[in-house]
file upload.txt (compact mmCIF, C-alpha atoms)
# COMPACT_ATOMS: atom_id res chain seq x y z
CA MET A 37 -46.41 -4.40 30.77
CA THR A 38 -46.39 -0.74 29.82
CA THR A 39 -43.01 0.44 28.53
CA ALA A 40 -41.40 3.85 28.54
CA ALA A 41 -41.50 3.75 24.73
CA SER A 42 -45.28 3.29 24.64
CA LEU A 43 -45.79 6.17 27.07
CA THR A 44 -43.51 8.34 24.96
CA THR A 45 -45.63 7.50 21.92
CA HIS A 46 -48.80 8.53 23.75
CA TYR A 47 -47.10 11.74 24.86
CA GLU A 48 -46.12 12.57 21.28
CA GLN A 49 -49.66 11.85 20.06
CA PHE A 50 -51.04 14.26 22.63
CA LEU A 51 -48.59 16.98 21.64
CA ASP A 52 -49.47 16.44 17.98
CA LEU A 53 -53.10 17.14 18.89
CA LEU A 54 -52.04 20.41 20.46
CA ASP A 55 -50.02 21.38 17.38
CA ARG A 56 -52.91 20.52 15.09
CA ASP A 57 -55.25 22.61 17.21
CA ALA A 58 -52.90 25.58 16.86
CA ARG A 59 -52.82 25.12 13.05
CA ASP A 60 -56.56 24.52 12.74
CA PRO A 61 -58.05 27.04 10.25
CA LEU A 62 -61.43 26.51 11.92
CA ARG A 63 -60.08 27.57 15.30
CA PRO A 64 -62.43 30.24 16.73
CA PRO A 65 -61.17 33.84 16.50
CA ALA A 66 -59.81 35.71 19.46
CA ALA A 67 -62.31 37.02 21.95
CA ALA A 68 -62.87 40.75 22.52
CA ASP A 69 -60.32 40.77 25.36
CA GLY A 70 -57.62 39.36 23.09
CA ARG A 71 -57.64 35.83 24.47
CA ALA A 72 -58.22 32.95 22.09
CA ALA A 73 -61.77 31.60 22.34
CA VAL A 74 -60.61 27.98 22.17
CA ARG A 75 -62.49 24.77 22.86
CA ALA A 76 -62.91 24.25 26.59
CA ARG A 77 -63.98 21.69 29.16
CA TYR A 78 -66.55 22.90 31.67
CA GLY A 79 -66.63 22.15 35.39
CA GLU A 80 -67.62 23.77 38.65
CA ARG A 81 -66.06 24.35 42.04
CA VAL A 82 -67.49 25.31 45.41
CA ASP A 83 -66.30 28.67 46.71
CA ALA A 84 -65.70 29.68 50.32
CA SER A 85 -69.34 30.71 50.78
CA GLY A 86 -70.65 27.37 49.52
CA GLY A 87 -71.74 28.66 46.11
CA SER A 88 -70.88 27.03 42.77
CA GLN A 89 -68.47 28.77 40.42
CA PRO A 90 -67.85 27.78 36.78
CA ILE A 91 -64.43 26.58 35.63
CA LEU A 92 -63.18 26.34 32.05
CA LEU A 93 -60.16 24.41 30.83
CA THR A 94 -58.96 24.94 27.29
CA ARG A 95 -58.26 21.89 25.17
CA ASP A 96 -54.52 22.55 25.47
CA GLU A 97 -54.68 22.73 29.26
CA TRP A 98 -56.86 19.61 29.45
CA ILE A 99 -54.43 17.54 27.38
CA HIS A 100 -51.38 18.78 29.29
CA HIS A 101 -53.00 17.72 32.57
CA GLN A 102 -53.59 14.27 31.09
CA ILE A 103 -50.01 13.98 29.87
CA ASP A 104 -48.57 14.59 33.32
CA LEU A 105 -50.98 12.18 34.97
CA THR A 106 -50.36 9.51 32.32
CA LEU A 107 -46.61 9.65 32.91
CA ALA A 108 -47.14 9.48 36.69
CA LEU A 109 -49.59 6.54 36.64
CA GLY A 110 -47.45 4.82 34.03
CA ARG A 111 -44.90 4.28 36.80
CA LEU A 112 -47.53 2.63 39.01
CA LEU A 113 -49.77 0.66 36.64
CA THR A 114 -49.29 -1.84 33.83
CA GLU A 115 -51.46 -3.18 31.04
CA ASP A 116 -52.34 -6.11 33.29
CA ASP A 117 -54.01 -3.93 35.91
CA VAL A 118 -57.75 -3.64 36.48
CA VAL A 119 -58.39 -0.21 37.99
CA VAL A 120 -61.44 1.03 39.90
CA SER A 121 -61.93 4.78 39.58
CA ALA A 122 -63.95 5.84 42.63
CA VAL A 123 -63.66 9.61 42.17
CA PRO A 124 -66.21 12.38 41.44
CA TYR A 125 -67.50 12.68 37.88
CA GLU A 126 -70.33 15.23 37.99
CA LEU A 127 -69.14 18.72 36.98
CA SER A 128 -65.55 17.89 37.93
CA PHE A 129 -62.44 17.08 35.91
CA ILE A 130 -60.84 14.29 37.90
CA GLY A 131 -63.19 11.44 36.95
CA ALA A 132 -62.92 11.98 33.20
CA GLU A 133 -59.18 12.54 33.49
CA VAL A 134 -58.53 9.33 35.43
CA ASP A 135 -60.56 7.30 32.91
CA ARG A 136 -58.61 8.63 29.95
CA VAL A 137 -55.26 8.25 31.67
CA VAL A 138 -55.85 4.64 32.74
CA GLU A 139 -56.82 3.85 29.16
CA MET A 140 -53.67 5.57 27.88
CA VAL A 141 -51.55 3.46 30.22
CA GLY A 142 -53.27 0.44 28.72
CA ALA A 143 -54.97 -0.89 31.85
CA SER A 144 -58.66 -1.75 32.23
CA VAL A 145 -60.90 0.68 34.10
CA ILE A 146 -64.14 0.30 36.07
CA SER A 147 -65.69 3.72 36.70
CA VAL A 148 -67.83 3.63 39.84
CA GLY A 149 -67.82 7.28 40.92
CA THR A 150 -68.68 8.36 44.45
CA SER A 151 -72.47 8.81 44.48
CA GLY A 152 -73.09 5.31 45.87
CA THR A 153 -76.35 5.01 43.93
CA ILE A 154 -75.65 2.64 41.05
CA CYS A 155 -72.57 1.16 42.67
CA PRO A 156 -72.63 1.30 46.48
CA MET A 157 -69.61 -0.01 48.36
CA GLY A 158 -71.11 -3.45 48.87
CA ARG A 159 -71.47 -3.93 45.14
CA LEU A 160 -67.97 -2.60 44.58
CA LEU A 161 -66.55 -5.29 46.87
CA GLY A 162 -68.29 -7.83 44.66
CA LEU A 163 -66.78 -6.27 41.53
CA ILE A 164 -63.32 -6.39 43.08
CA GLU A 165 -63.71 -10.13 43.62
CA GLN A 166 -65.42 -10.82 40.29
CA TYR A 167 -62.92 -9.01 38.08
CA GLY A 168 -59.75 -9.27 40.15
CA VAL A 169 -59.36 -5.52 40.64
CA THR A 170 -55.71 -4.71 41.30
CA ALA A 171 -55.77 -0.93 41.83
CA LEU A 172 -58.03 1.68 43.41
CA VAL A 173 -58.02 5.39 42.59
CA CYS A 174 -60.03 7.04 45.35
CA SER A 175 -59.90 9.33 48.36
CA PRO A 176 -58.17 8.16 51.55
CA ARG A 177 -61.53 8.19 53.32
CA PHE A 178 -63.07 5.96 50.65
CA ALA A 179 -60.20 3.46 50.88
CA ALA A 180 -60.55 3.28 54.67
CA GLU A 181 -64.34 2.92 54.63
CA LEU A 182 -64.27 0.29 51.89
CA ALA A 183 -61.82 -1.76 53.95
CA GLY A 184 -63.99 -1.29 57.04
CA LEU A 185 -67.06 -2.56 55.17
CA ALA A 186 -65.12 -5.58 53.94
CA VAL A 187 -64.11 -6.46 57.51
CA SER A 188 -67.69 -6.05 58.76
CA LEU A 189 -68.78 -8.57 56.10
CA GLY A 190 -66.24 -11.10 57.28
CA LYS A 191 -63.72 -10.42 54.50
CA ARG A 192 -60.01 -9.64 54.83
CA PRO A 193 -58.89 -6.68 52.69
CA THR A 194 -55.34 -8.02 52.83
CA ASP A 195 -56.53 -11.13 50.99
CA SER A 196 -58.08 -9.16 48.12
CA THR A 197 -56.49 -8.69 44.70
CA VAL A 198 -55.98 -4.95 45.33
CA ARG A 199 -52.25 -4.18 45.41
CA THR A 200 -52.08 -0.47 44.48
CA ILE A 201 -54.04 2.45 45.93
CA VAL A 202 -53.71 5.95 44.49
CA CYS A 203 -55.25 8.54 46.81
CA VAL A 204 -56.74 11.71 45.33
CA GLY A 205 -59.31 14.32 46.30
CA GLU A 206 -58.15 15.20 49.81
CA PRO A 207 -54.81 15.72 51.55
CA CYS A 208 -53.38 12.67 53.24
CA SER A 209 -50.34 12.42 55.49
CA ALA A 210 -47.62 9.86 54.86
CA GLU A 211 -48.55 8.31 58.21
CA ARG A 212 -52.16 7.74 57.17
CA LEU A 213 -51.16 6.51 53.70
CA GLU A 214 -48.98 3.90 55.40
CA ARG A 215 -51.91 2.83 57.60
CA ILE A 216 -54.20 2.49 54.56
CA GLY A 217 -51.57 0.48 52.74
CA ALA A 218 -51.17 -1.88 55.69
CA THR A 219 -54.94 -2.38 55.86
CA TRP A 220 -55.04 -3.53 52.23
CA ALA A 221 -51.52 -4.99 51.99
CA ALA A 222 -51.07 -2.58 49.09
CA ARG A 223 -48.59 0.07 48.05
CA THR A 224 -49.99 3.56 48.30
CA SER A 225 -49.28 6.87 46.63
CA ALA A 226 -51.01 10.21 46.22
CA LEU A 227 -51.72 12.74 43.51
CA TYR A 228 -52.63 16.39 43.99
CA GLY A 229 -54.89 18.72 42.08
CA THR A 230 -57.37 21.50 42.71
CA PRO A 231 -60.91 21.82 41.34
CA SER A 232 -59.55 24.18 38.68
CA ALA A 233 -56.38 22.24 37.89
CA PRO A 234 -56.76 18.46 38.19
CA THR A 235 -53.04 17.68 37.96
CA VAL A 236 -50.86 20.02 40.00
CA ALA A 237 -48.32 17.63 41.57
CA VAL A 238 -47.45 13.98 40.93
CA THR A 239 -45.68 11.38 43.02
CA CYS A 240 -42.07 10.37 42.47
CA ALA A 241 -40.53 6.98 43.22
CA GLU A 242 -39.77 8.16 46.77
CA GLY A 243 -43.39 9.07 47.49
CA ALA A 244 -42.97 12.86 47.38
CA LEU A 245 -45.35 15.07 45.41
CA HIS A 246 -43.55 17.20 42.81
CA LEU A 247 -45.05 20.33 41.33
CA CYS A 248 -45.68 20.22 37.57
CA ASP A 249 -43.55 23.36 37.28
CA HIS A 250 -42.87 22.94 33.56
CA ARG A 251 -46.37 24.34 32.92
CA LEU A 252 -47.60 25.76 36.24
CA ARG A 253 -46.27 28.82 38.04
CA ALA A 254 -46.90 28.28 41.72
CA GLN A 255 -46.44 30.65 44.65
CA VAL A 256 -47.47 30.49 48.27
CA ARG A 257 -49.11 33.49 49.86
CA GLY A 258 -47.34 34.29 53.09
CA GLY A 259 -44.08 32.44 52.48
CA ARG A 260 -43.29 28.74 52.37
CA ARG A 261 -46.57 27.63 53.92
CA GLY A 262 -49.91 29.22 53.08
CA GLU A 263 -52.43 29.63 50.27
CA LEU A 264 -51.43 28.21 46.90
CA LEU A 265 -51.48 30.65 43.99
CA LEU A 266 -51.43 29.13 40.50
CA ASP A 267 -50.37 31.57 37.79
CA GLY A 268 -51.17 34.30 40.29
CA ALA A 269 -54.73 33.14 40.97
CA PRO A 270 -55.78 32.11 44.51
CA THR A 271 -56.95 28.51 44.87
CA GLY A 272 -58.30 28.51 48.43
CA GLU A 273 -55.96 25.58 49.12
CA ALA A 274 -53.17 25.60 51.70
CA VAL A 275 -49.87 23.96 50.82
CA GLU A 276 -46.25 23.83 51.84
CA LEU A 277 -43.88 24.44 48.94
CA ARG A 278 -40.32 23.44 49.65
CA ARG A 279 -37.42 25.42 48.24
CA ALA A 280 -36.02 24.42 44.87
CA ASP A 281 -32.62 23.86 46.53
CA HIS A 282 -34.26 21.38 48.93
CA ARG A 283 -33.72 18.58 46.42
CA CYS A 284 -35.75 15.38 46.79
CA VAL A 285 -33.70 12.19 47.05
CA CYS A 286 -35.32 11.03 43.78
CA GLY A 287 -33.16 13.61 42.00
CA SER A 288 -35.99 15.69 40.51
CA ALA A 289 -35.39 19.42 40.39
CA SER A 290 -39.13 20.17 40.61
CA PRO A 291 -40.18 21.57 44.00
CA VAL A 292 -41.87 19.25 46.49
CA LEU A 293 -45.42 20.28 47.32
CA VAL A 294 -47.22 19.17 50.50
CA PRO A 295 -51.04 19.59 50.38
CA LEU A 296 -52.51 20.85 53.66
CA GLY A 297 -56.23 21.18 52.91
CA SER A 298 -58.39 24.24 52.46
CA VAL A 299 -57.37 27.63 53.81
CA ALA A 300 -60.77 27.85 55.49
CA SER A 301 -59.97 24.80 57.62
CA ALA A 302 -56.70 26.19 59.01
CA VAL A 303 -55.92 28.31 62.06
CA ARG A 304 -52.95 30.30 63.28
CA GLY A 305 -51.00 28.52 65.98
CA PRO A 306 -48.01 29.68 68.04
CA ASP A 307 -45.61 28.72 65.24
CA GLY A 308 -47.73 29.62 62.21
CA LEU A 309 -50.44 28.01 60.13
CA VAL A 310 -51.96 24.80 61.56
CA THR A 311 -54.09 22.60 59.32
CA ALA A 312 -56.07 19.37 59.53
CA LEU A 313 -53.12 17.58 57.93
CA ASP A 314 -50.89 18.63 60.83
CA VAL A 315 -53.49 17.23 63.20
CA GLU A 316 -53.68 14.04 61.13
CA ARG A 317 -49.94 13.47 61.46
CA ILE A 318 -50.21 13.61 65.23
CA VAL A 319 -53.24 11.30 65.28
CA PHE A 320 -51.56 8.60 63.22
CA GLY A 321 -48.53 8.60 65.41
CA HIS A 322 -50.71 6.26 67.50
CA ARG A 323 -50.21 2.81 66.03
CA ARG A 324 -53.44 1.25 67.32
CA LEU A 325 -55.72 3.53 65.31
CA ALA A 326 -57.54 2.33 62.19
CA PRO A 327 -57.07 4.45 59.01
CA HIS A 328 -60.39 6.30 59.51
CA PHE A 329 -60.10 10.04 60.12
CA ALA A 330 -62.38 13.07 60.13
CA CYS A 331 -61.47 16.60 61.17
CA ASP A 332 -63.60 19.75 61.10
CA LEU A 333 -62.70 23.23 62.27
CA ARG A 334 -65.47 24.89 64.28
CA ASP A 335 -65.01 28.16 66.18
CA GLY A 336 -61.24 27.82 66.10
CA THR A 337 -61.21 24.29 67.53
CA PHE A 338 -60.42 21.13 65.60
CA HIS A 339 -63.08 18.46 66.08
CA VAL A 340 -61.40 15.13 65.42
CA THR A 341 -62.97 11.71 65.06
CA CYS A 342 -60.77 8.63 64.84
CA ALA A 343 -61.29 4.90 65.31
CA VAL A 344 -59.71 1.86 66.93
CA ALA A 345 -59.84 -1.45 65.12
CA ASP A 346 -60.32 -3.46 68.32
CA PRO A 347 -61.92 -1.49 71.19
CA ARG A 348 -61.27 -4.42 73.54
CA ALA A 349 -57.52 -3.92 73.14
CA VAL A 350 -57.57 -0.14 73.65
CA ASP A 351 -59.08 2.10 76.32
CA PRO A 352 -60.97 4.65 74.17
CA ASP A 353 -60.93 7.30 76.92
CA ALA A 354 -57.19 6.94 77.42
CA MET A 355 -56.65 7.11 73.67
CA ARG A 356 -58.82 10.22 73.43
CA ARG A 357 -56.79 11.97 76.14
CA ALA A 358 -53.51 10.92 74.55
CA VAL A 359 -54.51 12.20 71.09
CA ARG A 360 -55.89 15.47 72.45
CA GLY A 361 -52.80 16.06 74.57
CA GLY A 362 -50.48 15.22 71.68
CA ILE A 363 -52.20 17.74 69.39
CA HIS A 364 -51.98 20.51 72.00
CA GLU A 365 -48.36 19.77 72.86
CA ALA A 366 -47.13 19.52 69.26
CA LEU A 367 -49.22 22.22 67.58
CA GLY A 368 -50.36 24.52 70.39
CA VAL A 369 -54.02 24.39 69.33
CA GLU A 370 -57.18 23.03 70.90
CA ALA A 371 -58.92 19.89 69.73
CA GLU A 372 -61.99 17.94 70.75
CA VAL A 373 -61.39 14.26 70.10
CA THR A 374 -63.86 11.42 69.69
CA VAL A 375 -62.67 7.82 69.52
CA VAL A 376 -65.05 5.17 68.20
CA ALA A 377 -64.83 1.52 67.26
CA ALA A 378 -64.07 1.04 63.56
CA GLN A 379 -67.30 -0.90 63.07
CA ASP A 380 -69.23 2.15 64.33
CA TRP A 381 -67.52 4.61 61.98
CA SER A 382 -70.37 5.20 59.53
CA THR A 383 -72.77 5.98 62.39
CA ALA A 384 -70.30 8.26 64.17
CA THR A 385 -69.62 10.42 61.11
CA SER A 386 -73.04 10.44 59.44

call {"tool": "encode", "arguments": {"input": "upload.txt", "output": "structure tokens"}}
result
Amino acid sequence: MTTAASLTTHYEQFLDLLDRDARDPLRPPAAADGRAAVRARYGERVDASGGSQPILLTRDEWIHHQIDLTLALGRLLTEDDVVVSAVPYELSFIGAEVDRVVEMVGASVISVGTSGTICPMGRLLGLIEQYGVTALVCSPRFAAELAGLAVSLGKRPTDSTVRTIVCVGEPCSAERLERIGATWAARTSALYGTPSAPTVAVTCAEGALHLCDHRLRAQVRGGRRGELLLDGAPTGEAVELRRADHRCVCGSASPVLVPLGSVASAVRGPDGLVTALDVERIVFGHRRLAPHFACDLRDGTFHVTCAVADPRAVDPDAMRRAVRGGIHEALGVEAEVTVVAAQDWSTATS
């Protein structure tokens, strides 16, 4: 089992790398604008218009992101774990970061990515059985769809060896995380990052996401709830940042951050910003829904697709009316709701 001492050793090794980099006589000279032209990791992000924009992380930044994630996953994983990393790798930071961090914790890692070419979900289910996979790092959608595929093949996700699911890549409400956990009989947690900063907030023992405020300066445009600014730069991501005096029960002094999705997928409601995550909370107040969820904003209306595990036990039309009415009553916005059977999910959202 991983100990606090071993994690501390890894942390110190990382910091020694940073110190050595600062002392390195071969370090490149400062650029014309005065900034150090240091080694960097390259990635890309998609901007609001759909175009690709380059991102650079310096070596120092890259290692600090890994340190925070290592300490966070060190509370969830042990050296006995076998971890599937089903996160993006191409031109992104998260895949490479998760691989390194799982190795630092001492666990075994199977990197499957998200392309579905070399390792489609059916093959992944076989790998889970073959190697006794105990943890998944993936998006909430991936976790739900993988469980749905297992059920369609006559398997029971609750009988698998998976006991920990770490959700990354998209915002997920506590209500949906609970539903995913129940589907797999696994404990669930979440991590939060942006395309430009892979580790922005990490989960505490109480399940809250805490800002890595020892190295990131975060503000919210428009008050407590709005666009996240990191070191003054806009991210295009909406969050809720709770006051520092709103102390989490875990005792941490770092502010709690609640991811809300992209700014482009939010609207103004009667009481302020309304996001897909707000809609998701309302949807998963209905206990009979499976953990599948899709929500798109089109022409100011949320288009929601959700699923029932057993359509024989639920009237889909009645459920659709109840979900739509609940969204309007709680948030004051319009929504078009589609309810499908869980086994029809891939067809409904393709």

call {"tool": "residues_around", "arguments": {"input": "upload.txt", "residues": "Ser88 (chain A)", "least_positions_apart": "5", "cutoff": "12 Å", "atoms": "all atoms listed in the file", "output": "VMD selection string"}}
result
chain A and resid 79 to 83 127 to 128 231

call {"tool": "residues_near_point", "arguments": {"input": "upload.txt", "point": "(-72.8, -0.1, 46.2)", "cutoff": "12 Å", "atoms": "only C-alpha atoms", "output": "ChimeraX atom specification"}}
result
/A:122,148-164,182,185

call {"tool": "residues_near_point", "arguments": {"input": "upload.txt", "point": "(-65.3, 2.6, 68.3)", "cutoff": "9 Å", "atoms": "only C-alpha atoms", "output": "PDB file with C-alpha atoms, in the coordinates of the input"}}
result
ATOM      1  CA  CYS A 342     -60.770   8.630  64.840  1.00  0.00           C
ATOM      2  CA  ALA A 343     -61.290   4.900  65.310  1.00  0.00           C
ATOM      3  CA  VAL A 344     -59.710   1.860  66.930  1.00  0.00           C
ATOM      4  CA  ALA A 345     -59.840  -1.450  65.120  1.00  0.00           C
ATOM      5  CA  ASP A 346     -60.320  -3.460  68.320  1.00  0.00           C
ATOM      6  CA  PRO A 347     -61.920  -1.490  71.190  1.00  0.00           C
ATOM      7  CA  PRO A 352     -60.970   4.650  74.170  1.00  0.00           C
ATOM      8  CA  VAL A 375     -62.670   7.820  69.520  1.00  0.00           C
ATOM      9  CA  VAL A 376     -65.050   5.170  68.200  1.00  0.00           C
ATOM     10  CA  ALA A 377     -64.830   1.520  67.260  1.00  0.00           C
ATOM     11  CA  ALA A 378     -64.070   1.040  63.560  1.00  0.00           C
ATOM     12  CA  GLN A 379     -67.300  -0.900  63.070  1.00  0.00           C
ATOM     13  CA  ASP A 380     -69.230   2.150  64.330  1.00  0.00           C
ATOM     14  CA  TRP A 381     -67.520   4.610  61.980  1.00  0.00           C
ATOM     15  CA  ALA A 384     -70.300   8.260  64.170  1.00  0.00           C
TER      16      ALA A 384
END

call {"tool": "atom_distance", "arguments": {"input": "upload.txt", "atom1": "CA of Pro306 (chain A)", "atom2": "CA of Ile363 (chain A)"}}
result
12.7 Å

call {"tool": "residues_around", "arguments": {"input": "upload.txt", "residues": "region 232-234 of chain A", "least_positions_apart": "2", "cutoff": "9 Å", "atoms": "only C-alpha atoms", "output": "PDB file with C-alpha atoms, in the coordinates of the input"}}
result
ATOM      1  CA  GLY A  79     -66.630  22.150  35.390  1.00  0.00           C
ATOM      2  CA  GLU A  80     -67.620  23.770  38.650  1.00  0.00           C
ATOM      3  CA  ARG A  81     -66.060  24.350  42.040  1.00  0.00           C
ATOM      4  CA  ILE A  91     -64.430  26.580  35.630  1.00  0.00           C
ATOM      5  CA  LEU A  92     -63.180  26.340  32.050  1.00  0.00           C
ATOM      6  CA  LEU A  93     -60.160  24.410  30.830  1.00  0.00           C
ATOM      7  CA  GLU A  97     -54.680  22.730  29.260  1.00  0.00           C
ATOM      8  CA  TRP A  98     -56.860  19.610  29.450  1.00  0.00           C
ATOM      9  CA  HIS A 101     -53.000  17.720  32.570  1.00  0.00           C
ATOM     10  CA  GLN A 102     -53.590  14.270  31.090  1.00  0.00           C
ATOM     11  CA  SER A 128     -65.550  17.890  37.930  1.00  0.00           C
ATOM     12  CA  PHE A 129     -62.440  17.080  35.910  1.00  0.00           C
ATOM     13  CA  ILE A 130     -60.840  14.290  37.900  1.00  0.00           C
ATOM     14  CA  GLU A 133     -59.180  12.540  33.490  1.00  0.00           C
ATOM     15  CA  TYR A 228     -52.630  16.390  43.990  1.00  0.00           C
ATOM     16  CA  GLY A 229     -54.890  18.720  42.080  1.00  0.00           C
ATOM     17  CA  THR A 230     -57.370  21.500  42.710  1.00  0.00           C
ATOM     18  CA  VAL A 236     -50.860  20.020  40.000  1.00  0.00           C
ATOM     19  CA  LEU A 266     -51.430  29.130  40.500  1.00  0.00           C
ATOM     20  CA  THR A 271     -56.950  28.510  44.870  1.00  0.00           C
TER      21      THR A 271
END

call {"tool": "residues_around", "arguments": {"input": "upload.txt", "residues": "Gly368 (chain A)", "least_positions_apart": "2", "cutoff": "9 Å", "atoms": "all atoms listed in the file", "output": "tab-separated table (two decimals) with C-alpha atoms, keeping the file's coordinate frame"}}
result
chain	number	residue	atom	x	y	z
A	305	GLY	CA	-51.00	28.52	65.98
A	306	PRO	CA	-48.01	29.68	68.04
A	307	ASP	CA	-45.61	28.72	65.24
A	310	VAL	CA	-51.96	24.80	61.56
A	363	ILE	CA	-52.20	17.74	69.39
A	364	HIS	CA	-51.98	20.51	72.00
A	365	GLU	CA	-48.36	19.77	72.86
A	366	ALA	CA	-47.13	19.52	69.26
A	370	GLU	CA	-57.18	23.03	70.90

call {"tool": "closest_residue", "arguments": {"input": "upload.txt", "among": "A:Arg212, A:Arg75, A:Arg357, A:Arg348", "to": "Pro327 (chain A)", "atoms": "only C-alpha atoms"}}
result
A:Arg212

call {"tool": "residues_around", "arguments": {"input": "upload.txt", "residues": "Gly217 (chain A)", "least_positions_apart": "6", "cutoff": "8 Å", "atoms": "all atoms listed in the file", "output": "list of chain:residue names"}}
result
A:Ile201, A:Arg223, A:Thr224

call {"tool": "atom_distance", "arguments": {"input": "upload.txt", "atom1": "CA of Cys208 (chain A)", "atom2": "CA of Gly86 (chain A)"}}
result
23.0 Å

call {"tool": "closest_residue", "arguments": {"input": "upload.txt", "among": "A:Thr383, A:Ser301, A:Gln89, A:Ser196", "to": "His339 (chain A)", "atoms": "all atoms listed in the file"}}
result
A:Ser301

call {"tool": "atom_distance", "arguments": {"input": "upload.txt", "atom1": "CA of Met355 (chain A)", "atom2": "CA of Arg192 (chain A)"}}
result
25.4 Å
